[in-house]
file input06.txt (compact mmCIF, C-alpha atoms)
# COMPACT_ATOMS: atom_id res chain seq x y z
CA MET V 1 -26.10 33.70 29.31
CA HIS V 2 -25.17 37.32 28.69
CA ILE V 3 -23.79 39.54 31.41
CA ILE V 4 -22.64 43.07 30.83
CA LEU V 5 -21.24 44.89 33.83
CA ASN V 6 -20.68 48.61 34.07
CA LYS V 7 -17.82 49.13 36.49
CA THR V 8 -18.26 52.90 36.62
CA SER V 9 -21.97 52.71 37.40
CA MET V 10 -23.32 53.77 40.81
CA VAL V 11 -25.16 50.43 41.01
CA PRO V 12 -22.97 47.93 42.94
CA ILE V 13 -21.51 45.17 40.77
CA TYR V 14 -23.23 42.38 42.69
CA GLU V 15 -26.60 44.07 42.24
CA GLN V 16 -26.00 44.40 38.49
CA LEU V 17 -25.19 40.70 38.44
CA VAL V 18 -28.33 39.75 40.41
CA ASP V 19 -30.55 41.88 38.16
CA GLN V 20 -29.15 40.46 34.94
CA ILE V 21 -29.32 36.82 36.01
CA LYS V 22 -32.88 37.38 37.25
CA LYS V 23 -33.81 38.84 33.87
CA GLU V 24 -32.32 35.81 32.10
CA ILE V 25 -34.32 33.47 34.32
CA ILE V 26 -37.57 35.43 34.01
CA SER V 27 -37.27 35.70 30.23
CA GLY V 28 -36.62 31.96 30.02
CA GLU V 29 -33.12 32.46 28.59
CA LEU V 30 -31.85 30.38 31.50
CA LYS V 31 -33.96 27.24 31.78
CA ASP V 32 -35.16 25.41 34.90
CA ASP V 33 -32.47 23.18 36.43
CA GLU V 34 -29.79 24.71 34.21
CA MET V 35 -26.47 24.98 36.01
CA LEU V 36 -24.93 28.40 36.51
CA PRO V 37 -21.15 28.71 36.05
CA SER V 38 -19.14 28.06 39.22
CA VAL V 39 -18.36 31.09 41.35
CA ARG V 40 -14.71 31.07 40.36
CA THR V 41 -15.39 30.50 36.66
CA LEU V 42 -17.75 33.46 36.48
CA SER V 43 -15.52 35.70 38.57
CA GLY V 44 -12.53 34.79 36.41
CA GLU V 45 -14.37 35.53 33.17
CA LEU V 46 -15.92 38.77 34.37
CA ARG V 47 -12.71 39.77 36.17
CA ILE V 48 -14.44 40.53 39.43
CA SER V 49 -13.80 39.04 42.87
CA SER V 50 -15.25 35.63 43.76
CA LEU V 51 -16.90 37.12 46.82
CA THR V 52 -18.93 39.47 44.61
CA VAL V 53 -20.23 36.54 42.56
CA LYS V 54 -20.92 34.57 45.74
CA LYS V 55 -22.92 37.47 47.19
CA ALA V 56 -24.96 37.65 43.99
CA TYR V 57 -25.64 33.88 44.02
CA ASP V 58 -26.64 34.07 47.71
CA LYS V 59 -29.08 36.88 46.96
CA LEU V 60 -30.56 34.93 44.03
CA GLU V 61 -31.00 31.93 46.31
CA GLU V 62 -32.62 34.08 48.99
CA ASP V 63 -35.07 35.37 46.38
CA GLY V 64 -35.83 31.82 45.27
CA PHE V 65 -34.39 32.04 41.76
CA VAL V 66 -31.61 29.49 42.18
CA VAL V 67 -30.73 26.56 44.41
CA THR V 68 -27.21 25.67 45.49
CA VAL V 69 -26.48 22.00 45.93
CA HIS V 70 -23.39 21.65 48.06
CA GLY V 71 -20.50 20.15 46.11
CA LYS V 72 -22.46 20.17 42.85
CA GLY V 73 -23.16 23.73 41.92
CA THR V 74 -25.83 26.38 41.60
CA PHE V 75 -28.94 25.62 39.52
CA VAL V 76 -31.89 27.61 38.26
CA ALA V 77 -34.72 26.77 40.66
CA ALA V 78 -37.50 24.77 39.04
CA THR V 79 -40.14 27.46 39.32
CA ASP V 80 -43.79 26.61 39.45
CA GLN V 81 -45.56 28.49 36.67
CA GLN V 82 -47.57 30.70 39.00
CA LEU V 83 -44.48 31.96 40.80
CA ALA V 84 -42.73 32.63 37.51
CA MET V 85 -45.78 34.53 36.25
CA GLU V 86 -45.84 36.56 39.44
CA ALA V 87 -42.17 37.45 39.09
CA ARG V 88 -42.77 38.54 35.50
CA ARG V 89 -45.73 40.67 36.60
CA LYS V 90 -43.63 42.20 39.32
CA SER V 91 -40.91 43.17 36.89
CA VAL V 92 -43.52 44.83 34.66
CA GLU V 93 -44.86 46.68 37.70
CA GLU V 94 -41.39 47.85 38.61
CA GLU V 95 -40.72 49.18 35.13
CA MET V 96 -44.05 50.99 35.06
CA ALA V 97 -43.39 52.44 38.52
CA ALA V 98 -40.07 53.78 37.28
CA ALA V 99 -41.73 55.41 34.26
CA ILE V 100 -44.47 56.95 36.39
CA GLU V 101 -41.94 58.26 38.87
CA LYS V 102 -40.11 59.95 36.02
CA ALA V 103 -43.35 61.47 34.76
CA ILE V 104 -44.24 62.83 38.20
CA ALA V 105 -40.78 64.30 38.57
CA LEU V 106 -41.42 66.14 35.28
CA GLY V 107 -44.61 67.54 36.78
CA MET V 108 -47.06 65.53 34.66
CA SER V 109 -50.59 65.06 35.97
CA LYS V 110 -52.37 61.76 36.53
CA GLU V 111 -54.59 62.45 33.50
CA GLU V 112 -51.60 63.09 31.26
CA ILE V 113 -49.92 59.87 32.35
CA LEU V 114 -53.10 57.83 31.81
CA GLU V 115 -53.53 59.44 28.41
CA ILE V 116 -50.08 58.29 27.34
CA ALA V 117 -50.84 54.79 28.61
CA THR V 118 -54.10 54.76 26.62
CA ILE V 119 -52.38 55.91 23.45
CA ILE V 120 -49.70 53.23 23.78
CA MET V 121 -52.32 50.57 24.49
CA GLU V 122 -54.20 51.52 21.32
CA GLU V 123 -51.16 50.69 19.22
CA TYR V 124 -51.42 47.08 20.42
CA ARG V 125 -55.11 46.66 19.75
CA MET H 1 -5.62 29.14 56.16
CA ILE H 2 -2.96 31.70 57.03
CA LYS H 3 -3.26 33.40 60.38
CA VAL H 4 -1.02 36.26 61.43
CA ASP H 5 -1.61 37.10 65.05
CA ASN H 6 -0.04 40.28 66.44
CA LEU H 7 3.10 39.95 64.35
CA ALA H 8 5.67 42.49 65.55
CA LYS H 9 9.03 43.36 64.00
CA LYS H 10 11.22 46.36 64.66
CA TYR H 11 13.80 47.82 62.28
CA GLY H 12 15.31 50.94 63.89
CA ASP H 13 12.49 53.45 64.12
CA PHE H 14 10.16 51.40 61.87
CA GLY H 15 7.83 49.10 63.76
CA LEU H 16 5.53 46.55 62.15
CA GLU H 17 2.49 45.36 64.08
CA VAL H 18 -0.13 43.46 62.08
CA SER H 19 -2.80 40.78 62.40
CA LEU H 20 -4.47 39.23 59.38
CA GLU H 21 -6.33 36.14 58.33
CA ILE H 22 -6.62 34.47 54.95
CA PRO H 23 -9.25 31.69 55.11
CA ASP H 24 -9.11 28.75 52.66
CA GLY H 25 -10.35 29.66 49.23
CA THR H 26 -9.96 33.40 49.71
CA VAL H 27 -7.94 35.83 47.63
CA THR H 28 -6.59 38.61 49.82
CA GLY H 29 -4.79 41.74 48.69
CA LEU H 30 -2.24 43.62 50.74
CA ILE H 31 -1.82 47.25 49.77
CA GLY H 32 0.08 50.25 51.06
CA LYS H 33 2.74 52.75 50.09
CA ASN H 34 6.38 51.78 49.64
CA GLY H 35 7.90 51.05 53.03
CA ALA H 36 4.53 50.47 54.70
CA GLY H 37 5.50 46.94 55.72
CA LYS H 38 3.96 44.74 53.03
CA SER H 39 7.08 42.85 52.07
CA THR H 40 8.17 42.50 55.72
CA THR H 41 4.81 40.88 56.47
CA ILE H 42 5.21 38.50 53.55
CA LYS H 43 8.77 37.61 54.50
CA ALA H 44 7.63 36.83 58.03
CA ILE H 45 4.83 34.59 56.74
CA LEU H 46 7.35 32.73 54.58
CA GLY H 47 9.67 32.34 57.57
CA LEU H 48 12.43 34.37 55.91
CA ILE H 49 12.70 36.75 58.85
CA LYS H 50 12.16 36.04 62.52
CA PRO H 51 9.42 38.11 64.15
CA ASP H 52 10.17 39.83 67.48
CA ASN H 53 6.75 38.85 68.70
CA GLY H 54 3.46 37.24 67.70
CA HIS H 55 2.40 34.04 65.97
CA ILE H 56 2.04 33.09 62.33
CA THR H 57 0.35 29.81 61.50
CA ILE H 58 -0.29 28.13 58.15
CA ASN H 59 -3.03 25.50 58.32
CA GLY H 60 -2.72 25.58 62.10
CA LYS H 61 1.03 25.01 62.25
CA GLU H 62 3.61 27.58 63.38
CA VAL H 63 5.65 28.75 60.39
CA SER H 64 8.93 27.89 62.17
CA GLU H 65 7.75 24.28 62.56
CA LEU H 66 6.69 23.65 58.95
CA THR H 67 8.33 20.57 57.44
CA ASN H 68 9.57 20.42 53.86
CA SER H 69 6.42 18.63 52.73
CA ASP H 70 4.26 21.31 54.41
CA LYS H 71 6.23 23.91 52.48
CA CYS H 72 5.49 22.11 49.19
CA MET H 73 1.90 23.26 49.64
CA ILE H 74 3.02 26.87 49.32
CA GLY H 75 3.90 28.63 46.09
CA ALA H 76 5.68 31.94 46.49
CA THR H 77 7.18 34.73 44.43
CA MET H 78 9.24 37.66 45.69
CA SER H 79 10.23 40.74 43.72
CA ASP H 80 13.73 39.52 42.94
CA SER H 81 13.51 35.82 43.66
CA GLY H 82 14.60 33.36 41.03
CA PHE H 83 17.20 30.92 39.85
CA SER H 84 20.79 31.51 38.79
CA MET H 85 20.94 33.70 35.71
CA TYR H 86 22.99 31.03 33.91
CA LEU H 87 20.19 28.44 33.97
CA ASN H 88 17.37 28.02 31.49
CA ALA H 89 13.78 26.75 31.78
CA GLU H 90 14.84 23.21 30.83
CA ASP H 91 17.32 23.13 33.76
CA VAL H 92 14.66 24.45 36.12
CA ILE H 93 12.35 21.53 35.26
CA HIS H 94 14.97 19.12 36.65
CA ILE H 95 15.31 21.13 39.84
CA LEU H 96 11.54 21.52 40.38
CA LYS H 97 10.99 17.80 39.80
CA LYS H 98 13.37 17.04 42.65
CA MET H 99 11.95 19.74 44.92
CA TYR H 100 8.21 19.18 44.53
CA PRO H 101 6.72 15.67 44.40
CA LEU H 102 3.58 17.12 42.78
CA PHE H 103 5.43 19.10 40.09
CA GLU H 104 3.44 18.94 36.84
CA GLU H 105 5.93 18.86 34.02
CA SER H 106 3.48 18.82 31.13
CA PHE H 107 1.47 21.70 32.60
CA PHE H 108 4.72 23.66 32.98
CA ARG H 109 5.83 22.95 29.41
CA ASN H 110 2.43 23.82 27.93
CA LYS H 111 2.25 27.08 29.81
CA CYS H 112 5.81 27.98 28.82
CA SER H 113 4.92 27.71 25.17
CA GLU H 114 1.58 29.52 25.70
CA LEU H 115 3.36 32.37 27.44
CA ARG H 116 6.20 32.38 24.89
CA ILE H 117 8.88 31.51 27.46
CA PRO H 118 11.87 30.01 25.61
CA MET H 119 13.11 26.71 27.06
CA ASP H 120 16.78 26.98 26.03
CA LYS H 121 17.57 30.63 26.68
CA GLN H 122 19.60 31.57 29.75
CA PHE H 123 17.64 33.68 32.24
CA LYS H 124 20.17 36.50 31.97
CA ASP H 125 18.87 37.07 28.43
CA PHE H 126 15.20 37.08 29.51
CA SER H 127 13.08 40.22 29.32
CA THR H 128 11.45 41.58 32.50
CA GLY H 129 8.12 40.18 31.32
CA MET H 130 9.50 36.67 30.73
CA ARG H 131 11.11 36.61 34.18
CA ALA H 132 7.89 37.74 35.87
CA LYS H 133 5.78 35.16 34.03
CA LEU H 134 8.23 32.39 34.82
CA ARG H 135 8.23 33.31 38.52
CA VAL H 136 4.45 32.99 38.75
CA LEU H 137 4.39 29.88 36.59
CA ILE H 138 6.87 28.14 38.92
CA ALA H 139 4.71 29.08 41.93
CA ILE H 140 1.62 27.46 40.41
CA SER H 141 3.24 24.40 38.83
CA HIS H 142 3.18 22.11 41.87
CA LYS H 143 -0.45 22.09 43.07
CA ALA H 144 0.18 24.60 45.86
CA GLU H 145 -2.83 25.31 48.07
CA ILE H 146 -1.50 28.65 49.19
CA LEU H 147 0.06 31.23 46.90
CA ILE H 148 2.01 34.10 48.40
CA LEU H 149 2.84 36.62 45.71
CA ASP H 150 4.79 39.81 46.38
CA GLU H 151 4.36 42.26 43.50
CA PRO H 152 3.97 39.64 40.76
CA THR H 153 2.97 42.28 38.20
CA ALA H 154 5.44 45.05 39.07
CA GLY H 155 7.07 46.81 36.14
CA LEU H 156 5.08 44.97 33.46
CA ASP H 157 3.07 46.29 30.55
CA VAL H 158 -0.69 45.87 30.56
CA GLU H 159 -0.66 42.79 28.32
CA ALA H 160 1.89 40.89 30.41
CA ARG H 161 0.03 41.86 33.58
CA ASN H 162 -3.19 40.47 32.18
CA GLU H 163 -1.46 37.25 31.15
CA ILE H 164 -0.25 36.78 34.72
CA LEU H 165 -3.64 37.64 36.23
CA ASP H 166 -5.39 35.26 33.83
CA LEU H 167 -2.91 32.55 34.81
CA LEU H 168 -3.92 33.09 38.45
CA ARG H 169 -7.64 33.20 37.64
CA GLN H 170 -7.39 29.92 35.76
CA TYR H 171 -5.49 28.39 38.67
CA LEU H 172 -8.27 29.49 41.03
CA VAL H 173 -10.89 27.84 38.80
CA ASP H 174 -8.90 24.59 38.63
CA ASN H 175 -8.06 24.56 42.35
CA GLU H 176 -11.19 25.53 44.27
CA LYS H 177 -9.54 25.39 47.68
CA CYS H 178 -6.55 27.51 46.75
CA SER H 179 -6.06 30.80 48.56
CA ILE H 180 -3.83 33.70 47.55
CA LEU H 181 -2.11 36.51 49.39
CA ILE H 182 -0.99 39.11 46.87
CA THR H 183 0.53 42.58 46.99
CA SER H 184 0.53 45.10 44.17
CA HIS H 185 0.85 48.79 43.49
CA ILE H 186 -1.53 48.53 40.58
CA SER H 187 -4.90 48.67 42.24
CA THR H 188 -6.97 47.64 39.23
CA ASP H 189 -5.06 44.33 39.25
CA LEU H 190 -6.34 43.68 42.77
CA GLU H 191 -9.87 45.03 42.23
CA GLY H 192 -10.60 42.31 39.70
CA LEU H 193 -9.03 39.48 41.67
CA CYS H 194 -9.19 39.94 45.45
CA ASP H 195 -12.10 39.12 47.74
CA ASP H 196 -10.81 41.38 50.49
CA ILE H 197 -8.14 44.00 50.99
CA TYR H 198 -5.88 44.96 53.87
CA LEU H 199 -4.39 48.45 53.79
CA ILE H 200 -1.16 48.77 55.73
CA SER H 201 0.22 52.16 56.66
CA ASN H 202 3.32 52.75 58.80
CA GLY H 203 3.42 49.13 59.84
CA LYS H 204 -0.22 48.93 60.95
CA VAL H 205 -3.41 47.60 59.36
CA VAL H 206 -5.61 50.68 58.94
CA VAL H 207 -8.39 49.23 56.76
CA HIS H 208 -9.68 45.71 56.22
CA GLU H 209 -12.66 45.54 53.89
CA ASP H 210 -14.26 43.35 51.22
CA THR H 211 -13.29 44.55 47.75
CA ASP H 212 -16.88 44.94 46.62
CA VAL H 213 -17.64 47.06 49.69
CA ILE H 214 -14.76 49.37 48.76
CA LEU H 215 -15.99 49.59 45.17
CA GLY H 216 -19.68 49.80 46.10
CA ASN H 217 -19.88 51.84 49.28
CA TYR H 218 -16.78 54.01 49.37
CA ALA H 219 -16.79 57.29 47.50
CA LEU H 220 -15.09 60.65 47.20
CA LEU H 221 -17.31 63.65 47.93
CA LYS H 222 -16.22 66.90 46.32
CA MET H 223 -17.60 70.29 47.34
CA ASP H 224 -16.75 73.89 48.19
CA GLU H 225 -16.05 75.17 51.71
CA LYS H 226 -19.60 76.41 52.22
CA SER H 227 -21.27 73.08 51.43
CA TYR H 228 -18.68 71.37 53.60
CA GLU H 229 -19.76 73.38 56.63
CA SER H 230 -23.36 72.23 56.31
CA LEU H 231 -22.41 68.60 55.52
CA ASP H 232 -23.36 65.86 58.00
CA LYS H 233 -19.91 64.43 58.72
CA GLU H 234 -21.02 61.28 60.49
CA TYR H 235 -19.80 58.95 57.71
CA VAL H 236 -16.84 61.01 56.57
CA LEU H 237 -13.63 59.05 57.12
CA THR H 238 -11.07 61.66 56.10
CA THR H 239 -11.12 65.19 54.74
CA LYS H 240 -8.59 66.96 52.54
CA LYS H 241 -8.79 70.66 51.76
CA ASP H 242 -7.01 72.45 48.95
CA SER H 243 -7.30 75.94 47.54
CA TYR H 244 -10.12 74.94 45.18
CA GLY H 245 -12.35 72.89 47.43
CA VAL H 246 -12.79 70.05 49.88
CA VAL H 247 -12.57 66.29 49.21
CA CYS H 248 -14.00 63.80 51.73
CA LEU H 249 -13.69 60.02 51.72
CA THR H 250 -16.81 58.20 52.91
CA ASN H 251 -17.84 54.57 53.28
CA GLU H 252 -21.57 55.40 53.00
CA ARG H 253 -21.95 56.57 49.42
CA GLN H 254 -25.70 55.94 49.36
CA PHE H 255 -26.34 58.22 52.36
CA TYR H 256 -24.69 61.21 50.69
CA ALA H 257 -26.12 60.45 47.25
CA GLU H 258 -29.65 60.52 48.69
CA ASN H 259 -29.33 63.45 51.09
CA TYR H 260 -27.01 65.74 49.16
CA PRO H 261 -27.95 65.43 45.47
CA GLU H 262 -25.90 68.54 44.64
CA LEU H 263 -22.58 66.97 45.73
CA VAL H 264 -20.11 65.66 43.19
CA ILE H 265 -19.70 61.98 44.10
CA GLU H 266 -17.07 59.75 42.58
CA ASN H 267 -17.04 55.97 43.01
CA GLY H 268 -14.34 54.90 45.44
CA ASN H 269 -11.49 52.58 44.59
CA ILE H 270 -8.40 51.13 46.17
CA ASP H 271 -6.17 54.04 45.12
CA ASP H 272 -8.44 56.46 46.99
CA LEU H 273 -7.93 54.44 50.17
CA ILE H 274 -4.16 54.66 49.85
CA LEU H 275 -4.24 58.38 49.09
CA TYR H 276 -6.88 59.55 51.54
CA ILE H 277 -6.37 57.37 54.61
call {"tool": "encode", "arguments": {"input": "input06.txt", "output": "structure tokens"}}
result
Amino acid sequence: MHIILNKTSMVPIYEQLVDQIKKEIISGELKDDEMLPSVRTLSGELRISSLTVKKAYDKLEEDGFVVTVHGKGTFVAATDQQLAMEARRKSVEEEMAAAIEKAIALGMSKEEILEIATIIMEEYR
Amino acid sequence: MIKVDNLAKKYGDFGLEVSLEIPDGTVTGLIGKNGAGKSTTIKAILGLIKPDNGHITINGKEVSELTNSDKCMIGATMSDSGFSMYLNAEDVIHILKKMYPLFEESFFRNKCSELRIPMDKQFKDFSTGMRAKLRVLIAISHKAEILILDEPTAGLDVEARNEILDLLRQYLVDNEKCSILITSHISTDLEGLCDDIYLISNGKVVVHEDTDVILGNYALLKMDEKSYESLDKEYVLTTKKDSYGVVCLTNERQFYAENYPELVIENGNIDDLILYI
């Protein structure tokens, strides 16, 4: 598992943690049923407070990415394939939304944006 | 669990009046300027001074009624606590063995060699760093559930500070239930260790907040007088003006980042709390 935190970023540390662990799970880097490090181990290694790690784990559990078994630890939730696929699709959607938002902010038209998408798609044909 | 309930202590014209709570498994930081009342609070919790009023309980028991075996569950360091300067680490092992039934000799010896603490050198010949490391090491060498550490990293270089903080982090990993109350003037030490922070000023608790809320939601807003006049001040905690502009402390960074994109916004930290509140 790789986690790189930017302590001067405007994005709260726990959100950075949630995003990066989600990415690892979605990409398959973290496998189903794999145990995450304990709250105190991770907080010690990353030099952040335990509460921050706990908040991140709670959020991941709320979103269905991990399961905490009391007294045992936190595990990657065994995802059914459809749910995993959906999550992957959603992350693609989010990234495209961000790109489109940027384009609109630059004053690009719908046609221009679609044209870029078409050109990129052609490279993969 | 440490519970300080309306602790009051008067020294001449200085009056301390604080309440705080450190649940099991929590690391709590106590910050404030010199003379704010941090050490007085810690001394009261350790039963070294008698409060004029209020109650302090550790695991539900009044501090004044703690037995010796209750006290073995506490590890403490004070800024100038320690053993006679004519002793060495080898002598201290004998003393600690007698004092604490759960003293772990091999752990102590291993850590001494890891931290380059000589066993046969008298303490009077120790460097500041060696003394500080030894103080913390003694506090964590007997399976204490509660650590009370007053300025454990004061006056140390960055490497020695990190060694001490890593020692504490490792102790937290090995002892899940352990809780810590720690004071420090070096705020980055606390930012990477504490779950929550109490800010004491003039003997009173003025802020109690989770560390990640301070780092995530607090911010300094910097602007000129004109922008300040049109600023919505609902979430401004304090304002400082100087000849070049205005600086406001807020606990709603997001609100200002979204509504006032032209403002200069700096992430908040513990030092800002001490300086601006």
call {"tool": "atom_distance", "arguments": {"input": "input06.txt", "atom1": "atom CA of Gly28 of chain V", "atom2": "atom CA of Arg89 of chain V"}}
result
14.2 Å
call {"tool": "interface_residues", "arguments": {"input": "input06.txt", "of": "chain H", "to": "chain V", "cutoff": "12 Å", "atoms": "only C-alpha atoms", "output": "number ranges by chain"}}
result
H: 25-29, 162, 165-179, 188-197, 209-219, 253-254, 257, 265-269
call {"tool": "atom_distance", "arguments": {"input": "input06.txt", "atom1": "atom CA of Ile277 of chain H", "atom2": "atom CA of Thr238 of chain H"}}
result
6.5 Å
call {"tool": "residues_around", "arguments": {"input": "input06.txt", "residues": "Gln122 of chain H", "least_positions_apart": "4", "cutoff": "10 Å", "atoms": "only C-alpha atoms", "output": "number ranges by chain"}}
result
H: 84-91, 118, 126
call {"tool": "residues_around", "arguments": {"input": "input06.txt", "residues": "Gly15 of chain H", "least_positions_apart": "2", "cutoff": "6 Å", "atoms": "all atoms listed in the file", "output": "list of chain:residue names"}}
result
H:Lys9, H:Lys10, H:Gly203
call {"tool": "atom_distance", "arguments": {"input": "input06.txt", "atom1": "atom CA of Cys248 of chain H", "atom2": "atom CA of Ile270 of chain H"}}
result
14.9 Å
call {"tool": "residues_around", "arguments": {"input": "input06.txt", "residues": "Met1 of chain V", "least_positions_apart": "5", "cutoff": "10 Å", "atoms": "all atoms listed in the file", "output": "list of chain:residue names"}}
result
V:Gln20, V:Ile21, V:Glu24, V:Ile25, V:Glu29, V:Leu30, V:Leu36, V:Pro37
call {"tool": "residues_around", "arguments": {"input": "input06.txt", "residues": "Glu62 of chain H", "least_positions_apart": "2", "cutoff": "12 Å", "atoms": "all atoms listed in the file", "output": "list in words"}}
result
Met1, Ile2, Lys3, Val4, Asp5, Ala44, Ile45, Leu46, Gly47, Gly54, His55, Ile56, Thr57, Ile58, Asn59, Gly60, Ser64, Glu65, Leu66, Thr67, Asp70 and Lys71 of chain H
call {"tool": "write_last_selection", "arguments": {"input": "input06.txt", "atoms": "C-alpha atoms", "output": "tab-separated table (two decimals), in the coordinates of the input"}}
result
chain	number	residue	atom	x	y	z
H	1	MET	CA	-5.62	29.14	56.16
H	2	ILE	CA	-2.96	31.70	57.03
H	3	LYS	CA	-3.26	33.40	60.38
H	4	VAL	CA	-1.02	36.26	61.43
H	5	ASP	CA	-1.61	37.10	65.05
H	44	ALA	CA	7.63	36.83	58.03
H	45	ILE	CA	4.83	34.59	56.74
H	46	LEU	CA	7.35	32.73	54.58
H	47	GLY	CA	9.67	32.34	57.57
H	54	GLY	CA	3.46	37.24	67.70
H	55	HIS	CA	2.40	34.04	65.97
H	56	ILE	CA	2.04	33.09	62.33
H	57	THR	CA	0.35	29.81	61.50
H	58	ILE	CA	-0.29	28.13	58.15
H	59	ASN	CA	-3.03	25.50	58.32
H	60	GLY	CA	-2.72	25.58	62.10
H	64	SER	CA	8.93	27.89	62.17
H	65	GLU	CA	7.75	24.28	62.56
H	66	LEU	CA	6.69	23.65	58.95
H	67	THR	CA	8.33	20.57	57.44
H	70	ASP	CA	4.26	21.31	54.41
H	71	LYS	CA	6.23	23.91	52.48
call {"tool": "residues_near_point", "arguments": {"input": "input06.txt", "point": "(-4.9, 51.3, 47.2)", "cutoff": "7 Å", "atoms": "all atoms listed in the file", "output": "ChimeraX atom specification"}}
result
/H:31-32,187,270-274
call {"tool": "residues_around", "arguments": {"input": "input06.txt", "residues": "His94 of chain H", "least_positions_apart": "5", "cutoff": "12 Å", "atoms": "only C-alpha atoms", "output": "number ranges by chain"}}
result
H: 87-89, 99-101, 103-105, 108
call {"tool": "closest_residue", "arguments": {"input": "input06.txt", "among": "H:Lys133, H:Lys121, H:Lys33, H:Lys143", "to": "Glu159 of chain H", "atoms": "all atoms listed in the file"}}
result
H:Lys133
